[in-house]
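See below for query-v2.cif, which holds mmCIF, C-alpha atoms and all ligand atoms.
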data_work
#
loop_
_atom_site.group_PDB
_atom_site.id
_atom_site.type_symbol
_atom_site.label_atom_id
_atom_site.label_comp_id
_atom_site.auth_asym_id
_atom_site.auth_seq_id
_atom_site.Cartn_x
_atom_site.Cartn_y
_atom_site.Cartn_z
ATOM 1 C CA MET A 1 43.832 121.225 104.751
ATOM 2 C CA GLN A 2 40.415 122.716 104.181
ATOM 3 C CA ALA A 3 40.188 126.473 104.710
ATOM 4 C CA SER A 4 37.149 128.723 104.847
ATOM 5 C CA CYS A 5 36.189 132.263 105.813
ATOM 6 C CA GLN A 6 33.651 133.169 108.497
ATOM 7 C CA CYS A 7 30.619 133.102 106.151
ATOM 8 C CA GLY A 8 31.815 130.088 104.145
ATOM 9 C CA ALA A 9 31.708 131.757 100.704
ATOM 10 C CA VAL A 10 35.498 131.436 100.443
ATOM 11 C CA GLN A 11 36.689 127.815 100.502
ATOM 12 C CA PHE A 12 40.018 126.429 99.371
ATOM 13 C CA LYS A 13 42.436 123.606 100.031
ATOM 14 C CA THR A 14 46.050 124.041 101.073
ATOM 15 C CA PRO A 15 48.710 122.286 98.955
ATOM 16 C CA THR A 16 50.055 120.231 101.894
ATOM 17 C CA PRO A 17 48.161 118.437 104.711
ATOM 18 C CA GLU A 18 50.034 120.410 107.381
ATOM 19 C CA PRO A 19 51.658 123.828 107.465
ATOM 20 C CA LEU A 20 55.439 124.087 107.142
ATOM 21 C CA ASP A 21 55.401 126.367 110.175
ATOM 22 C CA LEU A 22 52.943 128.059 112.506
ATOM 23 C CA TYR A 23 53.389 131.449 114.169
ATOM 24 C CA HIS A 24 51.473 133.570 116.605
ATOM 25 C CA CYS A 25 52.653 137.077 115.760
ATOM 26 C CA HIS A 26 52.346 139.797 118.387
ATOM 27 C CA CYS A 27 53.400 142.703 116.141
ATOM 28 C CA ILE A 28 51.248 145.803 115.826
ATOM 29 C CA GLU A 29 50.366 145.088 112.172
ATOM 30 C CA CYS A 30 48.976 141.670 113.138
ATOM 31 C CA ARG A 31 47.056 143.190 116.038
ATOM 32 C CA LYS A 32 45.418 145.699 113.688
ATOM 33 C CA GLN A 33 44.863 143.070 110.976
ATOM 34 C CA SER A 34 43.133 140.612 113.279
ATOM 35 C CA SER A 35 41.408 143.324 115.368
ATOM 36 C CA SER A 36 42.573 141.171 118.263
ATOM 37 C CA ALA A 37 45.563 140.542 120.548
ATOM 38 C CA PHE A 38 47.716 138.732 117.963
ATOM 39 C CA GLY A 39 47.625 137.125 114.523
ATOM 40 C CA THR A 40 48.202 133.492 113.589
ATOM 41 C CA SER A 41 49.979 132.565 110.375
ATOM 42 C CA ALA A 42 50.182 129.020 109.008
ATOM 43 C CA ILE A 43 52.946 128.874 106.406
ATOM 44 C CA PHE A 44 52.390 126.797 103.238
ATOM 45 C CA PRO A 45 54.173 126.462 99.895
ATOM 46 C CA ALA A 46 52.783 129.146 97.559
ATOM 47 C CA PHE A 47 49.720 128.004 95.608
ATOM 48 C CA PRO A 48 47.140 129.715 93.372
ATOM 49 C CA LEU A 49 43.778 130.539 94.917
ATOM 50 C CA PRO A 50 40.738 129.385 92.913
ATOM 51 C CA ASP A 51 39.729 132.380 90.752
ATOM 52 C CA ASN A 52 35.959 132.075 91.250
ATOM 53 C CA LEU A 53 36.042 133.113 94.916
ATOM 54 C CA PRO A 54 34.593 136.370 96.318
ATOM 55 C CA LEU A 55 38.027 137.661 97.346
ATOM 56 C CA SER A 56 39.444 141.128 97.408
ATOM 57 C CA CYS A 57 43.077 142.081 97.955
ATOM 58 C CA TYR A 58 44.587 144.818 100.091
ATOM 59 C CA THR A 59 48.273 145.397 99.280
ATOM 60 C CA ARG A 60 50.547 147.065 101.803
ATOM 61 C CA LYS A 61 54.233 147.887 102.094
ATOM 62 C CA THR A 62 56.246 145.813 104.542
ATOM 63 C CA ASP A 63 59.017 147.050 106.873
ATOM 64 C CA SER A 64 61.604 145.483 104.549
ATOM 65 C CA GLY A 65 60.301 147.511 101.596
ATOM 66 C CA GLY A 66 58.451 144.663 99.861
ATOM 67 C CA LEU A 67 54.748 144.308 99.123
ATOM 68 C CA LEU A 68 52.306 142.069 100.943
ATOM 69 C CA ASP A 69 49.050 140.991 99.267
ATOM 70 C CA CYS A 70 46.335 140.463 101.883
ATOM 71 C CA TYR A 71 43.282 138.550 100.640
ATOM 72 C CA PHE A 72 39.910 138.843 102.343
ATOM 73 C CA CYS A 73 36.327 137.685 101.749
ATOM 74 C CA THR A 74 34.279 140.482 100.156
ATOM 75 C CA ILE A 75 31.143 139.226 101.945
ATOM 76 C CA CYS A 76 32.204 138.693 105.575
ATOM 77 C CA GLY A 77 35.528 140.550 105.485
ATOM 78 C CA ALA A 78 37.565 137.721 107.042
ATOM 79 C CA ARG A 79 41.258 137.827 106.162
ATOM 80 C CA VAL A 80 42.227 134.411 104.773
ATOM 81 C CA LEU A 81 45.671 134.570 103.147
ATOM 82 C CA HIS A 82 48.760 136.759 102.864
ATOM 83 C CA SER A 83 51.317 136.383 100.083
ATOM 84 C CA ARG A 84 54.531 138.345 99.791
ATOM 85 C CA GLN A 85 55.247 139.092 96.154
ATOM 86 C CA GLY A 86 58.118 136.934 94.869
ATOM 87 C CA LYS A 87 58.130 134.564 97.867
ATOM 88 C CA LYS A 88 57.801 130.765 97.650
ATOM 89 C CA THR A 89 55.534 130.523 100.699
ATOM 90 C CA VAL A 90 52.215 132.050 101.715
ATOM 91 C CA SER A 91 50.589 132.553 105.076
ATOM 92 C CA VAL A 92 47.064 131.235 105.630
ATOM 93 C CA LYS A 93 45.365 132.836 108.622
ATOM 94 C CA GLY A 94 45.220 130.141 111.309
ATOM 95 C CA GLY A 95 41.574 130.526 112.304
ATOM 96 C CA CYS A 96 40.465 129.696 108.741
ATOM 97 C CA LEU A 97 41.917 126.190 108.844
ATOM 98 C CA GLU A 98 40.038 123.062 109.871
ATOM 99 C CA GLY A 99 41.889 120.572 112.055
ATOM 100 C CA LEU A 100 44.947 122.749 112.661
ATOM 101 C CA ASP A 101 47.316 121.466 115.376
ATOM 102 C CA TRP A 102 47.842 124.632 117.411
ATOM 103 C CA SER A 103 50.226 123.007 119.922
ATOM 104 C CA LYS A 104 53.425 123.634 117.935
ATOM 105 C CA ALA A 105 52.879 127.340 117.327
ATOM 106 C CA LYS A 106 55.910 129.590 117.764
ATOM 107 C CA HIS A 107 55.542 133.080 119.168
ATOM 108 C CA ILE A 108 57.193 136.010 117.367
ATOM 109 C CA TRP A 109 57.429 139.742 118.103
ATOM 110 C CA CYS A 110 57.037 138.883 121.799
ATOM 111 C CA SER A 111 58.570 142.283 122.607
ATOM 112 C CA ARG A 112 55.218 143.786 121.510
ATOM 113 C CA ALA A 113 52.946 141.207 123.158
ATOM 114 C CA VAL A 114 49.890 142.397 125.097
ATOM 115 C CA VAL A 115 49.130 138.911 126.454
ATOM 116 C CA LYS A 116 51.318 136.574 128.519
ATOM 117 C CA ILE A 117 53.430 134.191 126.393
ATOM 118 C CA PRO A 118 52.933 130.572 127.582
ATOM 119 C CA GLU A 119 55.838 128.826 129.350
ATOM 120 C CA GLY A 120 57.941 126.438 127.284
ATOM 121 C CA VAL A 121 57.065 127.661 123.792
ATOM 122 C CA GLN A 122 59.583 128.637 121.122
ATOM 123 C CA ARG A 123 59.657 132.416 121.120
ATOM 124 C CA TRP A 124 61.467 135.384 119.638
ATOM 125 C CA ASP A 125 61.446 139.028 120.741
ATOM 126 C CA GLU A 126 61.284 139.909 117.041
ATOM 127 C CA GLU A 127 61.433 137.571 114.038
ATOM 128 C CA PRO A 128 63.633 134.479 113.632
ATOM 129 C CA ASP A 129 66.350 134.880 110.974
ATOM 130 C CA ASP A 130 65.495 132.873 107.881
HETATM 131 ZN ZN ZN A 201 33.201 135.125 103.954
HETATM 132 ZN ZN ZN A 202 52.895 140.328 112.791
#

Re-express the file's structure as structure tokens.
Amino acid sequence: MQASCQCGAVQFKTPTPEPLDLYHCHCIECRKQSSSAFGTSAIFPAFPLPDNLPLSCYTRKTDSGGLLDCYFCTICGARVLHSRQGKKTVSVKGGCLEGLDWSKAKHIWCSRAVVKIPEGVQRWDEEPDD
């Protein structure tokens, strides 16, 4: 899939034509990260980002004690991709993707949600075990 930031300076292609999974996350970190009610993560097999892009990386500790690399456009500031060091998958921020099928999104950290979770969706109060 084609991905781009808000200003268009960051452009890349995902390694598969569809995400392996899609989550709306209602946790407080995602709320802060997106400056909005929740964050959307499209999970893809890990892939290298092109190295000529105007990207910067903010690294933070996760609850499980690991490190999360959070890439954002240095021009418009849009967050585009998160990769957990040592993991085989990455999370592309959903709003960056063109042609994403939003209908199959699962809702996680619903215990923290500030918006109503739609009827009939797959949902977890916290995270699914994986
Ligand atoms: Zn940008
Ligand atoms: Zn979250």

Go through the shown structure with the PyMOL selection byres (((not hetatm)) within 8 of (chain A and resi 202)) and write out the matching residues as a list in words.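 The output of the PyMOL selection byres (((not hetatm)) within 8 of (chain A and resi 202)) on this file is His24, Cys25, His26, Cys27, Ile28, Glu29, Cys30, Arg31, Phe38, Gly39, Ile108 and Trp109 of chain A.
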
Protein and nucleic residues near ligand ZN 201 (chain A), 7 Å, all atoms listed in the file, as a list in words: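 Taking all atoms listed in the file into account, the residues around ligand ZN 201 (chain A) at most 7 Å away are Cys5, Gln6, Cys7, Gly8, Ala9, Val10, Cys73, Thr74, Ile75, Cys76, Gly77 and Ala78 of chain A.
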
When the PyMOL selection byres (((chain A and resi 14) around 8) and not hetatm) is applied to the structure above, which residues does it catch, written out as a list in words?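 Those residues are Met1, Gln2, Ala3, Phe12, Lys13, Pro15, Thr16, Pro17, Phe44 and Phe47 of chain A.
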
Just say which residues the PyMOL selection byres (((chain A and resi 52-62) around 8) and not hetatm) picks in this file, as a ChimeraX atom specification. /A:9-11,50-51,63-75

Which distance in Å separates CA of Ser36 in chain A and CA of Glu119 in chain A, to one decimal? 21.2 Å

If you measure from CA of Trp102 in chain A to CA of Ile117 in chain A, what distance in Å do you get, rounded to one decimal?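 CA of Ile117 in chain A lies 14.3 Å from CA of Trp102 in chain A.
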